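Chemist: This is the content of upload-v5.txt (compact mmCIF, C-alpha atoms and all ligand atoms):
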```txt
# COMPACT_ATOMS: atom_id res chain seq x y z
CA MET A 1 15.48 36.05 28.08
CA ASN A 2 12.57 35.65 30.44
CA LEU A 3 12.47 32.14 31.96
CA ALA A 4 8.84 31.53 30.95
CA ARG A 5 9.73 32.51 27.37
CA GLN A 6 12.70 30.12 27.38
CA LEU A 7 10.47 27.28 28.56
CA TYR A 8 7.85 28.25 26.02
CA GLU A 9 10.46 28.06 23.26
CA LEU A 10 11.67 24.74 24.63
CA GLN A 11 8.09 23.53 24.38
CA GLU A 12 7.82 24.78 20.79
CA LEU A 13 10.93 22.76 19.97
CA ASP A 14 9.52 19.71 21.75
CA LEU A 15 6.31 19.96 19.73
CA GLU A 16 8.26 20.20 16.48
CA ILE A 17 10.47 17.27 17.50
CA GLU A 18 7.41 15.18 18.32
CA SER A 19 5.72 16.03 15.04
CA ASP A 20 8.87 15.24 13.03
CA GLU A 21 9.39 12.02 14.93
CA GLN A 22 5.81 11.03 14.17
CA ALA A 23 6.37 11.82 10.47
CA LEU A 24 9.65 9.88 10.49
CA LYS A 25 7.88 6.87 11.98
CA GLN A 26 5.26 7.01 9.26
CA VAL A 27 7.84 7.37 6.47
CA THR A 28 9.91 4.51 7.88
CA GLY A 29 6.79 2.34 7.96
CA GLN A 30 6.01 3.07 4.31
CA LEU A 31 9.59 2.51 3.20
CA GLY A 32 9.95 -0.99 1.77
CA GLU A 33 6.20 -1.51 1.98
CA ASN A 34 5.31 -3.21 -1.33
CA ARG A 35 2.22 -5.26 -0.57
CA ALA A 36 0.33 -3.85 -3.58
CA VAL A 37 3.15 -4.83 -5.96
CA LEU A 38 3.38 -8.33 -4.46
CA GLU A 39 -0.38 -8.79 -4.74
CA MET A 40 -0.31 -7.76 -8.39
CA GLN A 41 2.59 -10.16 -9.05
CA ALA A 42 0.58 -12.96 -7.48
CA ARG A 43 -2.41 -12.07 -9.66
CA LEU A 44 -0.20 -12.18 -12.74
CA GLU A 45 1.23 -15.57 -11.82
CA SER A 46 -2.21 -17.02 -11.23
CA GLU A 47 -3.53 -15.66 -14.55
CA GLN A 48 -0.46 -17.01 -16.38
CA LYS A 49 -1.17 -20.44 -14.89
CA ARG A 50 -4.78 -20.25 -16.09
CA LEU A 51 -3.57 -19.30 -19.56
CA GLU A 52 -1.21 -22.26 -19.70
CA GLU A 53 -4.03 -24.56 -18.64
CA PHE A 54 -6.33 -23.21 -21.38
CA LYS A 55 -3.57 -23.53 -24.00
CA HIS A 56 -3.01 -27.11 -22.92
CA GLN A 57 -6.75 -27.79 -23.29
CA GLN A 58 -6.68 -26.16 -26.74
CA HIS A 59 -3.78 -28.36 -27.92
CA THR A 60 -5.40 -31.49 -26.53
CA ALA A 61 -8.63 -30.67 -28.38
CA GLU A 62 -6.71 -29.98 -31.59
CA TRP A 63 -4.86 -33.29 -31.35
CA GLU A 64 -8.11 -35.14 -30.76
CA ILE A 65 -9.65 -33.44 -33.80
CA ASP A 66 -6.61 -34.40 -35.94
CA ASP A 67 -6.89 -37.95 -34.68
CA ILE A 68 -10.55 -38.22 -35.57
CA THR A 69 -9.96 -36.58 -38.95
CA GLY A 70 -7.40 -39.32 -39.62
CA ASN A 71 -9.90 -41.99 -38.58
CA ILE A 72 -12.58 -40.45 -40.80
CA ALA A 73 -10.22 -40.41 -43.79
CA ALA A 74 -9.32 -44.08 -43.20
CA ALA A 75 -12.98 -45.08 -42.87
CA GLU A 76 -13.98 -43.12 -45.96
CA GLU A 77 -11.18 -44.72 -47.95
CA LYS A 78 -12.59 -48.12 -47.04
CA LEU A 79 -16.10 -46.91 -47.76
CA PHE A 80 -15.37 -45.48 -51.19
CA GLY A 81 -12.26 -47.45 -52.10
CA GLY A 82 -14.24 -50.29 -53.69
CA LYS A 83 -12.58 -53.08 -51.71
CA VAL A 84 -15.55 -53.51 -49.41
CA LYS A 85 -18.60 -54.68 -51.31
CA ASN A 86 -20.79 -56.26 -48.64
CA PRO A 87 -23.78 -53.86 -48.20
CA LYS A 88 -24.04 -54.65 -44.48
CA GLU A 89 -20.37 -53.81 -43.98
CA LEU A 90 -20.67 -50.68 -46.09
CA SER A 91 -23.65 -49.51 -44.06
CA SER A 92 -21.75 -50.15 -40.86
CA LEU A 93 -18.75 -48.14 -42.21
CA GLN A 94 -21.05 -45.28 -43.14
CA GLN A 95 -22.42 -45.33 -39.58
CA ASP A 96 -18.85 -45.17 -38.25
CA VAL A 97 -18.06 -42.19 -40.46
CA ASP A 98 -21.23 -40.39 -39.37
CA MET A 99 -20.51 -41.07 -35.72
CA LEU A 100 -16.90 -39.85 -36.06
CA LYS A 101 -18.05 -36.68 -37.82
CA THR A 102 -20.57 -35.96 -35.07
CA ARG A 103 -17.85 -36.44 -32.46
CA ARG A 104 -15.50 -34.18 -34.40
CA GLY A 105 -18.20 -31.51 -34.62
CA ARG A 106 -18.65 -31.55 -30.85
CA LEU A 107 -14.88 -31.39 -30.32
CA GLU A 108 -14.58 -28.47 -32.72
CA GLU A 109 -17.24 -26.61 -30.79
CA LYS A 110 -15.43 -27.33 -27.55
CA ALA A 111 -12.13 -26.18 -29.12
CA LEU A 112 -13.72 -22.88 -30.16
CA GLY A 113 -14.84 -22.30 -26.58
CA VAL A 114 -11.34 -23.05 -25.30
CA ILE A 115 -9.79 -20.71 -27.90
CA GLU A 116 -12.07 -17.95 -26.65
CA GLN A 117 -10.89 -18.60 -23.10
CA VAL A 118 -7.27 -18.52 -24.27
CA GLU A 119 -7.86 -15.14 -25.90
CA GLN A 120 -9.60 -13.73 -22.83
CA SER A 121 -6.84 -14.99 -20.57
CA GLU A 122 -4.14 -13.56 -22.87
CA ALA A 123 -5.87 -10.17 -22.69
CA ALA A 124 -6.04 -10.44 -18.89
CA VAL A 125 -2.32 -11.31 -18.68
CA ALA A 126 -1.47 -8.29 -20.86
CA GLY A 127 -3.68 -6.04 -18.72
CA ILE A 128 -2.20 -7.21 -15.43
CA THR A 129 1.34 -6.95 -16.85
CA ALA A 130 0.71 -3.31 -17.78
CA GLU A 131 -0.83 -2.59 -14.36
CA LEU A 132 2.11 -4.23 -12.63
CA LYS A 133 4.54 -2.13 -14.67
CA THR A 134 2.79 1.11 -13.69
CA LEU A 135 2.47 0.01 -10.07
CA THR A 136 6.16 -0.91 -9.87
CA ALA A 137 7.23 2.40 -11.41
CA ASP A 138 4.96 4.31 -8.99
CA TRP A 139 6.32 2.29 -6.11
CA LYS A 140 9.94 3.01 -7.07
CA ARG A 141 9.17 6.72 -7.41
CA GLN A 142 7.41 6.72 -4.04
CA GLN A 143 10.28 4.89 -2.36
CA LYS A 144 12.75 7.42 -3.73
CA GLN A 145 10.58 10.25 -2.45
CA LEU A 146 10.26 8.58 0.96
CA SER A 147 14.03 8.14 1.25
CA GLY A 148 14.40 11.84 0.51
CA GLU A 149 11.81 12.73 3.13
CA MET A 150 13.47 10.46 5.65
CA LYS A 151 16.82 12.15 5.08
CA LYS A 152 15.25 15.59 5.48
CA LEU A 153 13.39 14.62 8.63
CA LYS A 154 16.50 13.12 10.20
CA ALA A 155 18.47 16.29 9.47
CA ALA A 156 15.64 18.48 10.81
CA LEU A 157 15.44 16.37 13.96
CA ALA A 158 19.20 16.58 14.54
CA ASP A 159 18.97 20.36 14.19
CA LEU A 160 15.96 20.64 16.51
CA LYS A 161 17.57 18.44 19.14
CA GLY A 162 20.73 20.53 19.01
CA ARG A 163 18.71 23.68 19.52
CA TRP A 164 16.78 22.04 22.36
CA GLN A 165 20.05 21.07 24.05
CA ARG A 166 21.56 24.54 23.73
CA LEU A 167 18.40 26.18 25.03
CA SER A 168 18.00 23.80 27.97
CA ASP A 169 21.69 24.20 28.87
CA GLY A 170 20.86 27.80 29.76
CA ILE A 171 18.08 26.77 32.14
CA ALA A 172 18.52 25.35 35.65
CA PRO A 173 18.21 21.53 35.48
CA GLU A 174 15.51 21.44 38.18
CA THR A 175 13.44 23.88 36.12
CA VAL A 176 13.87 21.69 33.01
CA ASP A 177 12.76 18.70 35.15
CA LEU A 178 9.74 20.63 36.38
CA TYR A 179 8.87 21.58 32.81
CA GLN A 180 9.17 17.98 31.63
CA GLN A 181 7.08 16.58 34.47
CA LEU A 182 4.42 19.21 33.83
CA ARG A 183 4.39 18.39 30.11
CA GLU A 184 3.80 14.73 30.88
CA ARG A 185 0.96 15.50 33.25
CA LYS A 186 -0.67 18.17 31.09
CA GLY A 187 -0.90 16.39 27.75
CA GLY A 188 2.18 17.98 26.23
CA THR A 189 1.55 21.58 27.26
CA ALA A 190 3.53 22.66 30.29
CA VAL A 191 3.64 26.32 29.34
CA ALA A 192 0.43 28.15 28.46
CA ARG A 193 0.22 31.53 26.75
CA VAL A 194 -1.71 34.29 28.42
CA GLU A 195 -3.93 36.15 25.98
CA GLN A 196 -6.34 38.90 26.99
CA GLY A 197 -6.08 37.86 30.61
CA ILE A 198 -6.98 34.26 29.79
CA CYS A 199 -4.82 31.17 30.27
CA ARG A 200 -4.80 29.41 26.88
CA GLY A 201 -4.16 26.10 28.65
CA CYS A 202 -7.50 25.97 30.44
CA ARG A 203 -9.25 29.01 28.90
CA LEU A 204 -10.07 30.52 32.28
CA SER A 205 -9.59 34.17 33.23
CA LEU A 206 -6.61 34.81 35.48
CA PRO A 207 -6.88 36.79 38.70
CA THR A 208 -5.29 40.26 38.49
CA THR A 209 -2.63 39.29 41.02
CA ASP A 210 -1.50 36.39 38.80
CA LEU A 211 -1.39 38.67 35.79
CA GLN A 212 0.81 41.12 37.64
CA ARG A 213 3.16 38.37 38.76
CA VAL A 214 3.39 36.99 35.21
CA ARG A 215 4.83 40.31 34.08
CA GLY A 216 7.78 39.80 36.45
CA ASN A 217 10.55 37.29 35.81
CA ASN A 218 9.17 34.56 38.10
CA LEU A 219 7.60 31.32 37.04
CA VAL A 220 3.90 31.67 37.74
CA HIS A 221 1.57 28.70 37.57
CA CYS A 222 -2.03 29.06 36.51
CA SER A 223 -4.15 28.70 39.64
CA SER A 224 -6.70 26.65 37.68
CA CYS A 225 -4.67 24.22 35.55
CA GLY A 226 -1.22 24.48 37.11
CA ARG A 227 0.59 25.24 33.83
CA ILE A 228 3.44 27.75 33.70
CA LEU A 229 2.10 31.05 32.39
CA PHE A 230 3.80 32.86 29.55
CA LEU A 231 2.91 36.38 28.47
CA ALA A 232 3.96 36.90 24.88
ZN ZN A 301 -4.68 27.51 33.11
```
Please go through the file and, once you have read it, give me the structure as structure tokens.
Modeler:
Amino acid sequence: MNLARQLYELQELDLEIESDEQALKQVTGQLGENRAVLEMQARLESEQKRLEEFKHQQHTAEWEIDDITGNIAAAEEKLFGGKVKNPKELSSLQQDVDMLKTRRGRLEEKALGVIEQVEQSEAAVAGITAELKTLTADWKRQQKQLSGEMKKLKAALADLKGRWQRLSDGIAPETVDLYQQLRERKGGTAVARVEQGICRGCRLSLPTTDLQRVRGNNLVHCSSCGRILFLA
């Protein structure tokens, strides 16, 4: 095989290795990444806390209402029981009953508002729970897929690196060094294809003498960009 072709193939392998390594890095970064699930769990916990608080308020209001209802019953028993006959006392009892009933009315209104909040919060908890379930299932599926991709990429990389090694073993070490130094300096492309008399590395036309030399088995560098020329 022509030396320029061997180096060109080495470069193709290097490009594939780099792209797979990049993909592997990305997959590894996504593996175990569960921020969205954690955020949803935190939202659920906070909504559950709110719900508990509302339920507590509801119970407190209900107890207060029961308490007042008891007080009203006691006052009414005095009022209508016949034991109290003094008109002044009776009028005062009636005032107590009226006052208690007004207070109970306000508490009942407040309790209704709290019950509405409890219902809204219960709906929110149910909604978030469903979202969390979907999110967790999606996450598990994604993680499984990512593990599969990681396995595939690792196998592909092992294969590519083996091929790279075998190919480079057939090339003089100083030439491999030259190729690698050139790749570093030239943004990853050490070997440039020649197409229609043009170096694809710098897109400039090659002098006829260069073109003739490229057809031989020597390594020819582009006189403009310095890359190794490869005629496919
Ligand atoms: Zn060039």
Chemist: Residues at most 7 Å from ligand ZN 301 (chain A), using all atoms listed in the file? Could they come as JSON, numbers by chain?
Modeler: {"A": [192, 199, 200, 201, 202, 203, 204, 222, 223, 224, 225, 226, 227]}
Chemist: Considering all atoms listed in the file, return as a list of chain:residue names whatever protein or nucleic-acid residues lie within 12 Å of Lys151 in chain A, sequence-local ones (same chain, fewer than 5 positions apart) excluded.
Modeler: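 Surrounding residues, per the criterion: A:Asp20, A:Ala23, A:Leu24, A:Val27, A:Thr28, A:Lys144, A:Gln145, A:Leu146, A:Ala156, A:Leu157, A:Ala158.
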Chemist: May I ask for the distance between CA of Gly148 in chain A and CA of Glu12 in chain A, given in Å to one decimal place?
Modeler: 24.9 Å
Chemist: To one decimal place, how far is CA of Arg193 in chain A from CA of Phe230 in chain A in Å?
Modeler: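 One can read the CA of Arg193 in chain A to CA of Phe230 in chain A distance as 4.7 Å.
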Chemist: Using all atoms listed in the file, which of the listed residues (A:Ala4, A:Ile68, A:Ala155, A:Leu132) sits closest to Thr102 in chain A?
Modeler: A:Ile68
Chemist: Between A:Thr189, A:Asn71, A:Gln212, A:Gln142, which is the closest to Leu15 in chain A once you count all atoms listed in the file?
Modeler: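 For Leu15 in chain A, the nearest of the candidates is A:Thr189.
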Chemist: Between A:Asp66, A:Glu122, A:Glu89, A:Glu184, single out the one closest to Arg50 in chain A, counting all atoms listed in the file.
Modeler: A:Glu122
Chemist: Select, from A:Asn217, A:Ser147, A:Gln94, A:Ser168, the residue with the minimum atom-to-atom distance to Glu9 in chain A, counting all atoms listed in the file.
Modeler: A:Ser168
Chemist: Given all atoms listed in the file as the basis, pick out the residue of A:Val214, A:Phe54, A:Lys186, A:Ala232 nearest to Gln117 in chain A.
Modeler: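 Closest residue, counting all atoms listed in the file: A:Phe54.
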Chemist: Out of A:Asp159, A:Glu116, A:Ala36, A:Glu108, which residue has the shortest atom-to-atom distance to Lys133 in chain A when counting all atoms listed in the file?
Modeler: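 So, comparing all the options, the nearest one is A:Ala36.
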Chemist: How many Å lie between CA of Pro207 in chain A and CA of Leu219 in chain A, rounded to one decimal?
Modeler: 15.6 Å
Chemist: Excluding Lys101 in chain A and its own-chain neighbours fewer than 5 positions away, which residues fall within 9 Å of it when counting only C-alpha atoms? Please give them as a VMD selection string.
Modeler: chain A and resid 68 to 69 72 96 106
Chemist: Using all atoms listed in the file, determine which residues lie at most 8 Å from range 38-49 of chain A, disregarding the query and same-chain residues fewer than 6 positions distant; provide the list as a ChimeraX atom specification.
Modeler: /A:121,124-125,128-129,131-132
Chemist: What lies within 10 Å of range 171-181 of chain A using only C-alpha atoms, ignoring chain neighbours under 2 positions off, as a ChimeraX atom specification?
Modeler: /A:3,6-8,10-11,166-169,183-186,188-191,219,227-228
